[in-house]
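Visitor: Take a look at the following structure, please.
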Amino acid sequence: MSEKTPPVLRESATFDRLTIQEIQRAAETGIYDIRGGGTKRKLPHFDDLLLLGASVSRYPLEGYREKCGTDVILGNRFAKKPIHLKIPVTIAGMSFGALSANAKEALGRGATIAGTSTTTGDGGMTPEERGQSQHLVYQYLPSRYGMNPDDLRKADAIEIVLGQGAKPGGGGMLLGMKVTERVAGMRTLPIGVDQRSACRHPDWTGPDDLAIKIAEIREITDWEKPIYVKIGASRPYYDVKLAVKAGADVIVLDGMQGGTAATQEVFIEHVGIPILPAIPQAVQALQEMGMHRKVQLIVSGGIRNGADVAKAMALGADAVAIGTAALIALGDNHPRLDEELKKIGSAAGFYDDWQNGRDPAGITTQDPELSKRLDPIEGGRRLANYLRVLVLEAQTMARACGKSHLHNLDPEDLVALTVESAAMARVPLAGTSWIPGKQY
Amino acid sequence: MKTIDFSTSTVRDLNQALHDQVKNLEEREWVVMHPNGAHNLAVGVNEAVSVDIQGHAGYYCAGMNQKASVTVHGNVGVGCAENMMSGYVRVKGSASQAAGATAHGGLLVIEGDAGARCGISMKGIDIVVGGSIGHMSCFMGQAGRLVVCGDAGDALGDSLYETKIFVKGKVESLGSDCIEKEMRAEHIEELQELLNRTGFNEKASDFKRYGSARQLYNFKVDNASAY
């Protein structure tokens with residue numbers, strides 16, 4: 001008796017289904033794919049690190065009884081009015097235009113309830129956002145859309161954006177369907193154009209110029225506001241040194257997992273480095289300059305839970321920033337939207353067409369009807385809840401490591417699960433004392 | 001008249017004193033002596049004062065100006081009147097690159113030449129240059145008017161939105177999506193009015209007008225080579 005073995009279809013590792021589909025899509029349209037969000041590929045990340053709880057040599061703190069501080073002061077190097085946040089989790093820059101006014105308001109409300117800051121984006125500051133944000137960081141971007149000295153004076157800090165983790169070296173875009181009358185008015189653009197944002201600043205070209213630019217902004221604001229410099233992670237060791245030398249009070253370092261409102265898929269997936277190897281490089285640069293903890297380091301790009309917060313801080317960050325996770329907390333990709341998302345070719349948990357303005361959650365849209373779906377008060381409450389959970393989780397881990405403040409976490413509290421993550425994070429491979437590239 | 005002399009005062013002294021005029025206007029006329037090319041002179045001023053800078057200025061002179069009238073009796077560095085919102089800035093000499101960058105309003109007059117990227121990303125300002133301008137000027141210009149009494153360098157008005165450009169002399173080359181447009185009677189009238197305000201003895205009818213072809217306003221596959 002001979003029974004035929006059923007054939008097994010072998011998928012190519014090089015030309016897998018996604019690759020084939022992308023080649024077919026490119027052949028049909030002749031244009032690259034644009035989407036929102038951050039990289040989707042598997043990368044070395046905080047999941048590849050573990051925290052070492054207390055043992056005989058380390059004394060843990062009582063979980064719910066002993067204090068574990070969470071506050072952070074940002075910008076006390078030069079600014080007369082540094083920012084004092086209750087928690088070290090901030091909201092990253094996201095523009096009105098990319099996001100609806102209700103979403104921006106919800107971010108401000110949630111951040112304020114939780115005692116942290118939120119950040120404007122390309123396109124300027126909205127009254128909704130300023131009104132609801134106790135601590136608002138005003139971004140100074142290459143496009144200077146909506147930039148004006150009145151809003152500069154209203155800000156609590158100013159963030160000079162040199163790059164973004166999702167697209168270091170790339171400019172921005174806001175497709176025409178989101179350039180409504182209000183968005184176009186704020187940016188001085190014709191309604192409905194595919195708005196391009198320049199990739200580099202129009203009036204300075206290098207680190208020496210940056211120092212003069214920082215001095216100009218300090219002069220305009222009478223040295224009151226902290227000046228942040230935001231860097232997309234690619235060469236953080238050198239970039240951090242140059243930014244600190246130029247006079248930054250705070251460095252914001254965004255890894256390639258950080259999201260974007262609209263960028264070419266190929267850019268998101270192939271440019272920049274993950275946040276995990278970026279942090280130790282930045283910390284090394286600060287330590288060599290004697291500036292660690294004097295110039296604060298905020299890191300972002302794939303922060304999802306309190307473990308990520310604790311690990312980032314153990315690696316030397318003073319605070320973290322969240323963007324994508326904050327949108328998810330507001331309601332992005334919620335399962336209740338699954339049917340509607342399927343109608344536009346996606347599904348809950350997969351939706352990344354933040355560029356096209358059809359977001360049924362009312363977050364990444366300028367459509368007035370869709371925007372109404374997001375209640376900014378309820379959204380703010382959800383975000384505040386999420387922020388509280390992040391901090392509670394981080395505190396739980398810090399206490400287990402015997403730390404009375406999140407800032408007391410350090411690299412000795414960490415081990416790595418893989419050789420790659422050990423090398424990148426510069427912590428020992430679990431069960432060994434081996435840090436690849438450092439100790440043998 | 002209040003005099004700030006940089007042999008004994010600093011940029012901080014000057015700017016703080018000018019900013020304080022918003023709270024309590026004590027002096028409308030200010031003179032800066034011995035500026036020696038200092039950066040960030042008279043930045044963020046938000047009051048209708050006049051500031052006379054008796055010498056050369058460095059980067060970002062009169063940056064983000066609101067309401068003030070600033071005259072520089074010399075040359076200026078990069079980014080003069082950058083992001084100006086309103087008011088008047090006059091440079092008696094020449095300007096380095098990015099003069100009037102991203103500025104929303106007011107009038108910038110440069111009696112000499114201006115370097116590269118003059119009026120880059122301008123958002124409503126009027127810029128009038130008595131001499132010539134460098135390459136990539138008015139890149140991504142969004143609104144306002146750029147007037148050049150001399151010549152313009154390469155790639156004028158690249159990726160232009162709605163800025164109007166008037167050039168009397170030779171244009172080395174036009175950037176993507178920038179085209180020459182008909183100089184109609186209304187354009188001659190508005191340009192002559194602007195020229196008269198600057199004190200330049202020029203005839204508007206001698207100028208050519210350039211603007212956006214508006215072909216790159218929305219991404220199209222057929223335009224891929226232009227991006």
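Chain labels A, B, ... are given in the sequence in which chains occur in the structure tokens; within each chain residues are numbered consecutively from 1, and ligands are likewise numbered from 1 in the order shown.
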May I have the residues of chain B within 9 Å of chain A, counting only C-alpha atoms, written as a ChimeraX atom specification?

Guide: /B:11-12,15-16,19,39-46,59-60,63-66,78-79,82-85,97-99,101-102,104,117,120-121,123-124,140,142-143,161-162,216-222,224

Visitor: List the spatial neighbours of segment 425-435 of chain A as a list of chain:residue names - criterion: any atom at most 7 Å away, only C-alpha atoms, same-chain residues fewer than 2 positions off excluded.

Guide: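 Contacts, with the query itself left out: A:Leu276, A:Pro277, A:Pro280, A:Pro411, A:Leu414, A:Val415, A:Ala416, A:Leu417, A:Thr418, A:Val419, A:Ser421, A:Ala422, A:Ala423, A:Gly437, A:Lys438, A:Gln439, A:Tyr440.
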
Visitor: Once you have the residues from the selection above, write them out as a short mmCIF file (atom, residue, chain, number, x, y, z; two decimals), in the first residue's frame, restricted to C-alpha atoms.

Guide:
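Output file selection.cif follows:
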```cif
data_model
loop_
_atom_site.label_atom_id
_atom_site.label_comp_id
_atom_site.auth_asym_id
_atom_site.auth_seq_id
_atom_site.Cartn_x
_atom_site.Cartn_y
_atom_site.Cartn_z
CA LEU A 276 18.45 49.47 23.69
CA PRO A 277 21.96 50.08 22.28
CA PRO A 280 24.39 53.14 26.93
CA PRO A 411 23.07 48.78 35.27
CA LEU A 414 20.25 44.18 34.98
CA VAL A 415 21.29 41.09 33.08
CA ALA A 416 20.73 40.16 29.47
CA LEU A 417 19.11 37.08 27.99
CA THR A 418 21.02 37.10 24.71
CA VAL A 419 24.59 37.78 23.67
CA SER A 421 21.40 42.38 24.04
CA ALA A 422 24.28 41.95 26.52
CA ALA A 423 26.63 43.61 24.05
CA GLY A 437 32.99 43.74 24.02
CA LYS A 438 33.79 44.88 27.55
CA GLN A 439 34.81 41.99 29.78
CA TYR A 440 36.17 38.56 28.97
#
```

Visitor: May I have all residues of segment 13-124 of chain A that DSSP, computed from the backbone, assigns to strand (DSSP E or B), given as a ChimeraX atom specification?

Guide: /A:34-35,49-51,69,72-74,83-85,89-91,93,96,99,117-119,121,124

Visitor: In chain B, what's alpha helix (DSSP H) per DSSP? Answer as a list in words?

Guide: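 After running DSSP on the backbone, chain B has alpha helix (DSSP H) at Val11, Arg12, Asp13, Leu14, Asn15, Gln16, Ala17, Leu18, His19, Asp20, Gln21, Val22, Lys23, Ala185, Glu186, His187, Ile188, Glu189, Glu190, Leu191, Gln192, Glu193, Leu194, Leu195, Asn196, Arg197 and Thr198 of chain B.
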
Visitor: Atoms to include: C-alpha atoms. Write the selected residues as a PDB file, in the first residue's frame.

Guide:
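Everything below was put into part26.pdb:
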```pdb
ATOM      1  CA  VAL B  11      23.867  90.689  24.744  1.00  0.00           C
ATOM      2  CA  ARG B  12      21.880  89.599  27.782  1.00  0.00           C
ATOM      3  CA  ASP B  13      21.796  93.142  29.126  1.00  0.00           C
ATOM      4  CA  LEU B  14      20.495  94.431  25.791  1.00  0.00           C
ATOM      5  CA  ASN B  15      17.827  91.801  25.245  1.00  0.00           C
ATOM      6  CA  GLN B  16      16.561  91.885  28.823  1.00  0.00           C
ATOM      7  CA  ALA B  17      16.283  95.661  28.701  1.00  0.00           C
ATOM      8  CA  LEU B  18      14.378  95.493  25.417  1.00  0.00           C
ATOM      9  CA  HIS B  19      12.067  92.752  26.702  1.00  0.00           C
ATOM     10  CA  ASP B  20      11.365  94.767  29.836  1.00  0.00           C
ATOM     11  CA  GLN B  21       9.832  97.480  27.660  1.00  0.00           C
ATOM     12  CA  VAL B  22       6.760  95.254  27.222  1.00  0.00           C
ATOM     13  CA  LYS B  23       5.996  95.505  30.937  1.00  0.00           C
ATOM     14  CA  ALA B 185      -0.892  95.348 -13.865  1.00  0.00           C
ATOM     15  CA  GLU B 186      -1.910  94.393 -10.325  1.00  0.00           C
ATOM     16  CA  HIS B 187       1.504  92.850  -9.724  1.00  0.00           C
ATOM     17  CA  ILE B 188       3.290  95.967 -10.966  1.00  0.00           C
ATOM     18  CA  GLU B 189       1.117  98.063  -8.685  1.00  0.00           C
ATOM     19  CA  GLU B 190       1.719  95.992  -5.558  1.00  0.00           C
ATOM     20  CA  LEU B 191       5.449  95.688  -6.266  1.00  0.00           C
ATOM     21  CA  GLN B 192       5.836  99.435  -6.882  1.00  0.00           C
ATOM     22  CA  GLU B 193       4.113 100.154  -3.582  1.00  0.00           C
ATOM     23  CA  LEU B 194       6.519  97.806  -1.797  1.00  0.00           C
ATOM     24  CA  LEU B 195       9.596  99.229  -3.547  1.00  0.00           C
ATOM     25  CA  ASN B 196       8.512 102.756  -2.676  1.00  0.00           C
ATOM     26  CA  ARG B 197       8.286 101.779   0.981  1.00  0.00           C
ATOM     27  CA  THR B 198      11.897 100.577   0.924  1.00  0.00           C
TER      28      THR B 198
END
```

Visitor: So, counting only C-alpha atoms, which residue among B:Asp126, B:Arg145, B:Lys208, B:Glu202 is closest to Val171 of chain B?

Guide: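 Comparing B:Asp126, B:Arg145, B:Lys208, B:Glu202 against Val171 of chain B, the winner is B:Lys208.
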
Visitor: Excluding same-chain residues fewer than 3 positions from segment 378-389 of chain A, what lies within 7 Å of it counting only C-alpha atoms, as number ranges by chain?

Guide: A: 106-107, 109-111, 113-114, 326, 329-330, 374-375, 392-393

Visitor: Out of A:Ile83, A:Leu99, A:Val250, A:Cys401, which residue has the shortest atom-to-atom distance to Ala317 of chain A when counting only C-alpha atoms?

Guide: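 Going through A:Ile83, A:Leu99, A:Val250, A:Cys401 one by one, the smallest distance to Ala317 of chain A is for A:Val250.
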
Visitor: Please list as a list in words every residue within 8 Å of Asn36 of chain B, counting only C-alpha atoms and excluding residues in the same chain fewer than 2 positions away.

Guide: His34, Ala38, Gly55, His56 and Ala57 of chain B

Visitor: Once you have the residues from the selection above, write them out as an mmCIF file, in the first residue's frame, restricted to C-alpha atoms.

Guide:
```
data_model
loop_
_atom_site.group_PDB
_atom_site.id
_atom_site.type_symbol
_atom_site.label_atom_id
_atom_site.label_comp_id
_atom_site.auth_asym_id
_atom_site.auth_seq_id
_atom_site.Cartn_x
_atom_site.Cartn_y
_atom_site.Cartn_z
ATOM 1 C CA HIS B 34 30.344 98.563 19.389
ATOM 2 C CA ALA B 38 27.761 89.766 18.390
ATOM 3 C CA GLY B 55 28.138 98.206 13.365
ATOM 4 C CA HIS B 56 28.080 94.603 12.232
ATOM 5 C CA ALA B 57 25.796 91.984 13.797
#
```

Visitor: Go through A:His45, A:Arg25, A:His292, A:Arg399 one by one, measure the shortest atom-to-atom distance of each to Arg77 of chain A using only C-alpha atoms, and give the residue with the smallest value.

Guide: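 Checking each candidate against Arg77 of chain A, we get A:His292 as the closest.
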
Visitor: Residues near segment 282-290 of chain A, anyone? I mean within 12 Å using only C-alpha atoms, not counting same-chain ones fewer than 5 positions away, as JSON, numbers by chain.

Guide: {"A": [231, 232, 233, 234, 235, 236, 237, 238, 239, 240, 241, 242, 243, 244, 245, 248, 249, 250, 251, 252, 253, 254, 255, 275, 276, 277, 295, 296, 297, 298, 299, 312, 313, 314, 315, 316, 317, 318, 410, 411, 425, 426]}

Visitor: With N, CA and C atoms retained, could you export that selection as a short mmCIF file (atom, residue, chain, number, x, y, z; two decimals), in the first residue's frame?

Guide:
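New file again28.cif:
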```
data_model
loop_
_atom_site.label_atom_id
_atom_site.label_comp_id
_atom_site.auth_asym_id
_atom_site.auth_seq_id
_atom_site.Cartn_x
_atom_site.Cartn_y
_atom_site.Cartn_z
N ILE A 231 16.98 63.84 19.53
CA ILE A 231 17.83 63.17 18.55
C ILE A 231 17.19 61.85 18.15
N GLY A 232 17.15 61.55 16.89
CA GLY A 232 16.78 60.21 16.43
C GLY A 232 18.01 59.33 16.55
N ALA A 233 17.84 58.17 17.17
CA ALA A 233 19.01 57.34 17.50
C ALA A 233 19.68 56.80 16.24
N SER A 234 20.86 57.27 15.98
CA SER A 234 21.69 56.68 14.92
C SER A 234 23.16 56.68 15.39
N ARG A 235 23.67 57.83 15.79
CA ARG A 235 25.02 57.93 16.35
C ARG A 235 24.92 58.66 17.69
N PRO A 236 24.26 58.06 18.67
CA PRO A 236 23.95 58.82 19.90
C PRO A 236 25.17 59.27 20.68
N TYR A 237 26.25 58.50 20.64
CA TYR A 237 27.44 58.89 21.41
C TYR A 237 27.92 60.28 20.97
N TYR A 238 28.07 60.44 19.66
CA TYR A 238 28.57 61.72 19.15
C TYR A 238 27.50 62.81 19.21
N ASP A 239 26.26 62.44 18.87
CA ASP A 239 25.19 63.44 18.88
C ASP A 239 24.96 64.02 20.28
N VAL A 240 25.00 63.15 21.28
CA VAL A 240 24.78 63.63 22.65
C VAL A 240 25.92 64.56 23.05
N LYS A 241 27.14 64.17 22.73
CA LYS A 241 28.27 65.05 23.08
C LYS A 241 28.14 66.42 22.44
N LEU A 242 27.76 66.43 21.16
CA LEU A 242 27.66 67.69 20.44
C LEU A 242 26.50 68.54 20.99
N ALA A 243 25.39 67.88 21.31
CA ALA A 243 24.23 68.62 21.82
C ALA A 243 24.53 69.20 23.20
N VAL A 244 25.21 68.44 24.03
CA VAL A 244 25.55 68.94 25.37
C VAL A 244 26.53 70.10 25.24
N LYS A 245 27.50 69.94 24.35
CA LYS A 245 28.48 71.02 24.14
C LYS A 245 27.79 72.28 23.62
N ALA A 248 22.60 72.15 25.50
CA ALA A 248 21.29 71.56 25.83
C ALA A 248 21.16 71.34 27.33
N ASP A 249 19.96 71.54 27.84
CA ASP A 249 19.65 71.21 29.24
C ASP A 249 19.24 69.75 29.36
N VAL A 250 18.56 69.25 28.33
CA VAL A 250 17.97 67.91 28.36
C VAL A 250 18.18 67.28 26.98
N ILE A 251 18.52 66.00 26.96
CA ILE A 251 18.61 65.26 25.70
C ILE A 251 17.42 64.32 25.61
N VAL A 252 16.74 64.34 24.49
CA VAL A 252 15.66 63.39 24.23
C VAL A 252 16.16 62.45 23.14
N LEU A 253 16.21 61.17 23.45
CA LEU A 253 16.79 60.20 22.53
C LEU A 253 15.71 59.20 22.13
N ASP A 254 15.42 59.17 20.84
CA ASP A 254 14.29 58.38 20.34
C ASP A 254 14.81 57.22 19.49
N GLY A 255 14.54 56.01 19.90
CA GLY A 255 14.98 54.83 19.16
C GLY A 255 14.08 54.52 17.98
N ILE A 275 16.40 51.52 20.62
CA ILE A 275 16.69 52.31 21.81
C ILE A 275 17.65 51.57 22.75
N LEU A 276 17.62 50.24 22.75
CA LEU A 276 18.45 49.47 23.69
C LEU A 276 19.95 49.80 23.55
N PRO A 277 20.54 49.72 22.36
CA PRO A 277 21.96 50.08 22.28
C PRO A 277 22.20 51.58 22.31
N VAL A 295 22.77 67.02 32.80
CA VAL A 295 21.94 67.14 31.60
C VAL A 295 21.07 65.88 31.60
N GLN A 296 19.76 66.05 31.72
CA GLN A 296 18.91 64.88 31.86
C GLN A 296 18.70 64.18 30.52
N LEU A 297 18.52 62.87 30.60
CA LEU A 297 18.32 62.05 29.42
C LEU A 297 16.92 61.44 29.44
N ILE A 298 16.12 61.79 28.44
CA ILE A 298 14.79 61.19 28.27
C ILE A 298 14.88 60.24 27.09
N VAL A 299 14.43 59.01 27.27
CA VAL A 299 14.53 58.05 26.16
C VAL A 299 13.14 57.57 25.75
N ALA A 312 14.93 51.03 31.35
CA ALA A 312 15.52 52.22 30.71
C ALA A 312 16.20 53.09 31.74
N MET A 313 15.56 53.22 32.90
CA MET A 313 16.16 54.06 33.94
C MET A 313 17.39 53.38 34.56
N ALA A 314 17.34 52.07 34.66
CA ALA A 314 18.52 51.36 35.17
C ALA A 314 19.71 51.53 34.23
N LEU A 315 19.43 51.66 32.97
CA LEU A 315 20.52 51.88 32.01
C LEU A 315 21.06 53.31 32.07
N GLY A 316 20.36 54.18 32.79
CA GLY A 316 20.90 55.53 32.97
C GLY A 316 20.01 56.66 32.52
N ALA A 317 18.79 56.35 32.03
CA ALA A 317 17.88 57.44 31.63
C ALA A 317 17.31 58.11 32.87
N ASP A 318 17.00 59.39 32.76
CA ASP A 318 16.35 60.12 33.85
C ASP A 318 14.84 60.03 33.74
N ASP A 410 20.30 50.98 38.61
CA ASP A 410 21.53 51.16 37.81
C ASP A 410 21.83 49.89 37.03
N PRO A 411 22.82 49.94 36.14
CA PRO A 411 23.07 48.78 35.27
C PRO A 411 23.37 47.50 36.03
N ALA A 425 23.37 46.47 25.50
CA ALA A 425 23.02 47.15 26.75
C ALA A 425 24.21 47.29 27.68
N ARG A 426 25.28 46.57 27.38
CA ARG A 426 26.50 46.60 28.19
C ARG A 426 26.24 46.12 29.62
#
```

Visitor: I'd like the interatomic distance between atom CA of Gly106 of chain B and atom CA of Cys138 of chain B, to a tenth of an Å.

Guide: 16.3 Å

Visitor: Give me, please, the distance in Å between atom CA of Ser96 of chain B and atom CA of Ala114 of chain B, quoted to one decimal.

Guide: 5.7 Å

Visitor: Can you list, as a PDB file with C-alpha atoms, in the first residue's frame, every protein, DNA or RNA residue that comes within 7 Å of Leu146 of chain B when you count only C-alpha atoms, leaving out same-chain residues fewer than 3 positions away?

Guide:
```
ATOM      1  CA  ASP B 126       8.197  90.828   2.701  1.00  0.00           C
ATOM      2  CA  ILE B 127      11.918  90.719   1.896  1.00  0.00           C
ATOM      3  CA  VAL B 128      13.482  93.300  -0.415  1.00  0.00           C
ATOM      4  CA  LYS B 164       5.564  85.642  -4.780  1.00  0.00           C
ATOM      5  CA  ILE B 165       9.069  86.267  -6.119  1.00  0.00           C
ATOM      6  CA  PHE B 166      10.114  89.324  -8.154  1.00  0.00           C
TER       7      PHE B 166
END
```

Visitor: May I have the residues within 10 Å of Lys170 of chain B as a list in words, using only C-alpha atoms and disregarding those fewer than 6 positions away in the same chain?

Guide: Ser132, Val148, Cys149, Gly150, Asp151, Ala152, Gly153 and Lys208 of chain B

Visitor: Export C-alpha atoms of the chosen residues as a compact mmCIF listing (two decimals), in the first residue's frame?

Guide:
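The result, stored in out.txt:
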```txt
# COMPACT_ATOMS: atom_id res chain seq x y z
CA SER B 132 21.72 89.88 -5.42
CA VAL B 148 15.49 91.05 -5.65
CA CYS B 149 16.86 94.12 -7.41
CA GLY B 150 19.96 92.24 -8.58
CA ASP B 151 20.40 88.62 -9.64
CA ALA B 152 19.30 85.33 -8.10
CA GLY B 153 21.43 82.17 -7.75
CA LYS B 208 9.89 89.52 -13.65
```

Visitor: Calculate how many Å separate atom CA of Lys168 of chain B from atom CA of Ser137 of chain B, rounding to one decimal.

Guide: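 Atom-to-atom, atom CA of Lys168 of chain B and atom CA of Ser137 of chain B are spaced 15.0 Å apart.
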
Visitor: Given only C-alpha atoms as the basis, pick out the residue of A:Phe15, A:Tyr138, A:Tyr228, A:Tyr351 nearest to Leu337 of chain A.

Guide: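 Between A:Phe15, A:Tyr138, A:Tyr228, A:Tyr351, the residue approaching Leu337 of chain A most closely is A:Tyr351.
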
Visitor: Considering only C-alpha atoms, state which residue in the set A:Ala155, A:Val179, A:Ala307, A:Val320 is at the smallest distance from Thr116 of chain A.

Guide: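 Of A:Ala155, A:Val179, A:Ala307, A:Val320, the one nearest Thr116 of chain A is A:Val320, counting only C-alpha atoms.
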